[in-house]
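J.: My structure is stored as start22.cif, with mmCIF, C-alpha atoms.
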data_my_file
loop_
_atom_site.group_PDB
_atom_site.id
_atom_site.type_symbol
_atom_site.label_atom_id
_atom_site.label_comp_id
_atom_site.auth_asym_id
_atom_site.auth_seq_id
_atom_site.Cartn_x
_atom_site.Cartn_y
_atom_site.Cartn_z
ATOM 1 C CA MET A 1 112.701 -19.632 142.947
ATOM 2 C CA THR A 2 113.078 -19.951 139.200
ATOM 3 C CA THR A 3 116.301 -18.905 137.494
ATOM 4 C CA ALA A 4 114.914 -16.957 134.538
ATOM 5 C CA LEU A 5 112.929 -13.744 134.614
ATOM 6 C CA VAL A 6 110.435 -14.029 131.754
ATOM 7 C CA ARG A 7 106.897 -12.737 131.275
ATOM 8 C CA PRO A 8 104.450 -15.671 131.233
ATOM 9 C CA ARG A 9 102.042 -16.217 128.376
ATOM 10 C CA SER A 10 99.200 -17.100 130.779
ATOM 11 C CA GLY A 11 98.227 -15.823 134.206
ATOM 12 C CA LYS A 12 98.906 -12.205 133.365
ATOM 13 C CA ILE A 13 96.634 -9.181 133.459
ATOM 14 C CA LEU A 14 98.297 -6.456 131.414
ATOM 15 C CA GLY A 15 101.872 -7.103 130.363
ATOM 16 C CA GLY A 16 102.859 -9.927 132.688
ATOM 17 C CA VAL A 17 105.458 -7.918 134.597
ATOM 18 C CA CYS A 18 103.933 -8.535 138.021
ATOM 19 C CA ALA A 19 103.394 -12.224 137.248
ATOM 20 C CA ALA A 20 107.021 -12.533 136.132
ATOM 21 C CA LEU A 21 108.364 -10.852 139.261
ATOM 22 C CA ALA A 22 106.081 -12.917 141.508
ATOM 23 C CA ALA A 23 107.172 -16.174 139.883
ATOM 24 C CA ARG A 24 110.859 -15.218 139.969
ATOM 25 C CA PHE A 25 110.906 -14.285 143.654
ATOM 26 C CA GLY A 26 108.272 -16.740 144.897
ATOM 27 C CA LEU A 27 105.762 -14.098 145.985
ATOM 28 C CA PRO A 28 101.992 -14.045 145.572
ATOM 29 C CA LYS A 29 100.928 -12.139 142.448
ATOM 30 C CA PHE A 30 98.480 -9.949 144.339
ATOM 31 C CA LEU A 31 101.258 -8.623 146.609
ATOM 32 C CA VAL A 32 103.397 -7.612 143.654
ATOM 33 C CA ARG A 33 100.394 -6.016 141.945
ATOM 34 C CA LEU A 34 99.487 -4.188 145.152
ATOM 35 C CA ALA A 35 103.037 -2.851 145.408
ATOM 36 C CA PHE A 36 102.826 -1.496 141.849
ATOM 37 C CA VAL A 37 99.500 0.175 142.638
ATOM 38 C CA ILE A 38 100.993 1.820 145.721
ATOM 39 C CA PHE A 39 104.071 2.939 143.796
ATOM 40 C CA GLY A 40 101.734 4.171 141.059
ATOM 41 C CA LEU A 41 99.993 6.439 143.533
ATOM 42 C CA VAL A 42 103.386 7.900 144.448
ATOM 43 C CA GLY A 43 104.099 8.471 140.766
ATOM 44 C CA ILE A 44 106.923 6.066 139.895
ATOM 45 C CA GLY A 45 105.033 2.786 139.492
ATOM 46 C CA GLU A 46 103.863 3.397 135.954
ATOM 47 C CA LEU A 47 107.310 4.308 134.703
ATOM 48 C CA VAL A 48 108.955 1.302 136.371
ATOM 49 C CA TYR A 49 106.245 -1.011 135.002
ATOM 50 C CA ILE A 50 106.695 0.251 131.436
ATOM 51 C CA VAL A 51 110.482 -0.075 131.621
ATOM 52 C CA LEU A 52 110.229 -3.629 132.979
ATOM 53 C CA TRP A 53 107.620 -4.492 130.319
ATOM 54 C CA ILE A 54 110.165 -3.518 127.683
ATOM 55 C CA LEU A 55 113.153 -5.201 129.352
ATOM 56 C CA ILE A 56 111.704 -8.552 130.499
ATOM 57 C CA PRO A 57 111.396 -10.987 127.571
ATOM 58 C CA LYS A 58 108.330 -13.143 126.926
ATOM 59 C CA ALA A 59 108.466 -16.800 127.849
ATOM 60 C CA PRO A 60 109.134 -19.077 124.897
ATOM 61 C CA ALA A 61 106.068 -20.694 123.358
#
Can you turn what I pasted into structure tokens?
T.:
Amino acid sequence: MTTALVRPRSGKILGGVCAALAARFGLPKFLVRLAFVIFGLVGIGELVYIVLWILIPKAPA
């Protein structure tokens, strides 16, 4: 498990939120993305994703 929560510059699809969470907690990216899709169907996934996209900084170059 890494110590910093940062959005990667590679290996991301949209904003890198799922890739950042997967790397931070040692989970496969597809599981985190699947969870966001499921939460999106419930109606809260999009809002949480946008908030995390704003809050999680990009990885340094």
J.: What would the selection look like, as a PyMOL selection string, if the PyMOL selection byres ((chain A and resi 39-52) around 12) were run on the coordinates I just shared?
T.: chain A and resi 5-7+14-21+32-38+53-58
J.: Listed atoms of segment 16-25 of chain A, axis-aligned box, 8 Å per side: centre and edge lengths to one decimal in Å, as lines of an AutoDock Vina configuration file?
T.:
center_x = 106.9
center_y = -12.0
center_z = 138.2
size_x = 24.0
size_y = 24.3
size_z = 27.0
J.: Take atom CA of Pro28 of chain A and atom CA of Ala61 of chain A and report the distance between them in Å, one decimal.
T.: 23.5 Å
J.: Would it be fine to have chain A, with C-alpha atoms, given as a CSV table (one decimal), in the first residue's frame?
T.:
chain,number,residue,atom,x,y,z
A,1,MET,CA,0.0,0.0,0.0
A,2,THR,CA,1.4,3.4,-1.0
A,3,THR,CA,1.3,6.3,1.4
A,4,ALA,CA,0.1,9.1,-0.9
A,5,LEU,CA,-3.2,9.3,-2.6
A,6,VAL,CA,-2.5,11.0,-5.9
A,7,ARG,CA,-4.1,10.6,-9.4
A,8,PRO,CA,-1.6,8.9,-11.8
A,9,ARG,CA,-0.6,10.5,-15.1
A,10,SER,CA,-0.8,7.2,-16.9
A,11,GLY,CA,-3.2,4.2,-16.5
A,12,LYS,CA,-6.3,6.3,-16.1
A,13,ILE,CA,-9.5,6.4,-18.1
A,14,LEU,CA,-11.3,9.6,-17.2
A,15,GLY,CA,-9.8,11.5,-14.2
A,16,GLY,CA,-7.7,8.9,-12.6
A,17,VAL,CA,-9.8,8.7,-9.4
A,18,CYS,CA,-10.4,5.0,-9.6
A,19,ALA,CA,-6.7,4.3,-10.5
A,20,ALA,CA,-5.6,6.4,-7.5
A,21,LEU,CA,-7.9,4.6,-5.1
A,22,ALA,CA,-6.9,1.2,-6.5
A,23,ALA,CA,-3.2,2.0,-6.2
A,24,ARG,CA,-3.6,3.4,-2.7
A,25,PHE,CA,-5.5,0.4,-1.3
A,26,GLY,CA,-3.9,-2.3,-3.4
A,27,LEU,CA,-7.1,-3.3,-5.2
A,28,PRO,CA,-7.5,-4.1,-8.9
A,29,LYS,CA,-8.6,-1.1,-10.9
A,30,PHE,CA,-11.6,-2.9,-12.5
A,31,LEU,CA,-13.1,-3.6,-9.0
A,32,VAL,CA,-12.9,0.0,-8.1
A,33,ARG,CA,-14.3,1.1,-11.4
A,34,LEU,CA,-17.1,-1.5,-11.1
A,35,ALA,CA,-18.0,-0.1,-7.6
A,36,PHE,CA,-18.3,3.4,-9.1
A,37,VAL,CA,-20.5,2.1,-11.8
A,38,ILE,CA,-22.8,0.4,-9.3
A,39,PHE,CA,-22.9,3.4,-7.1
A,40,GLY,CA,-23.6,5.5,-10.2
A,41,LEU,CA,-26.7,3.4,-10.9
A,42,VAL,CA,-27.9,4.2,-7.3
A,43,GLY,CA,-27.3,7.9,-8.0
A,44,ILE,CA,-24.3,8.8,-5.7
A,45,GLY,CA,-21.4,7.5,-7.7
A,46,GLU,CA,-21.1,10.5,-10.1
A,47,LEU,CA,-21.2,13.0,-7.3
A,48,VAL,CA,-18.5,11.2,-5.2
A,49,TYR,CA,-16.3,10.8,-8.3
A,50,ILE,CA,-16.5,14.5,-9.1
A,51,VAL,CA,-15.7,15.5,-5.5
A,52,LEU,CA,-12.7,13.1,-5.4
A,53,TRP,CA,-11.5,14.3,-8.8
A,54,ILE,CA,-11.4,17.8,-7.3
A,55,LEU,CA,-9.8,16.8,-4.0
A,56,ILE,CA,-7.2,14.2,-5.0
A,57,PRO,CA,-4.1,16.0,-6.5
A,58,LYS,CA,-2.3,14.8,-9.6
A,59,ALA,CA,1.0,12.9,-9.3
A,60,PRO,CA,4.1,15.1,-9.8
A,61,ALA,CA,5.6,14.9,-13.2
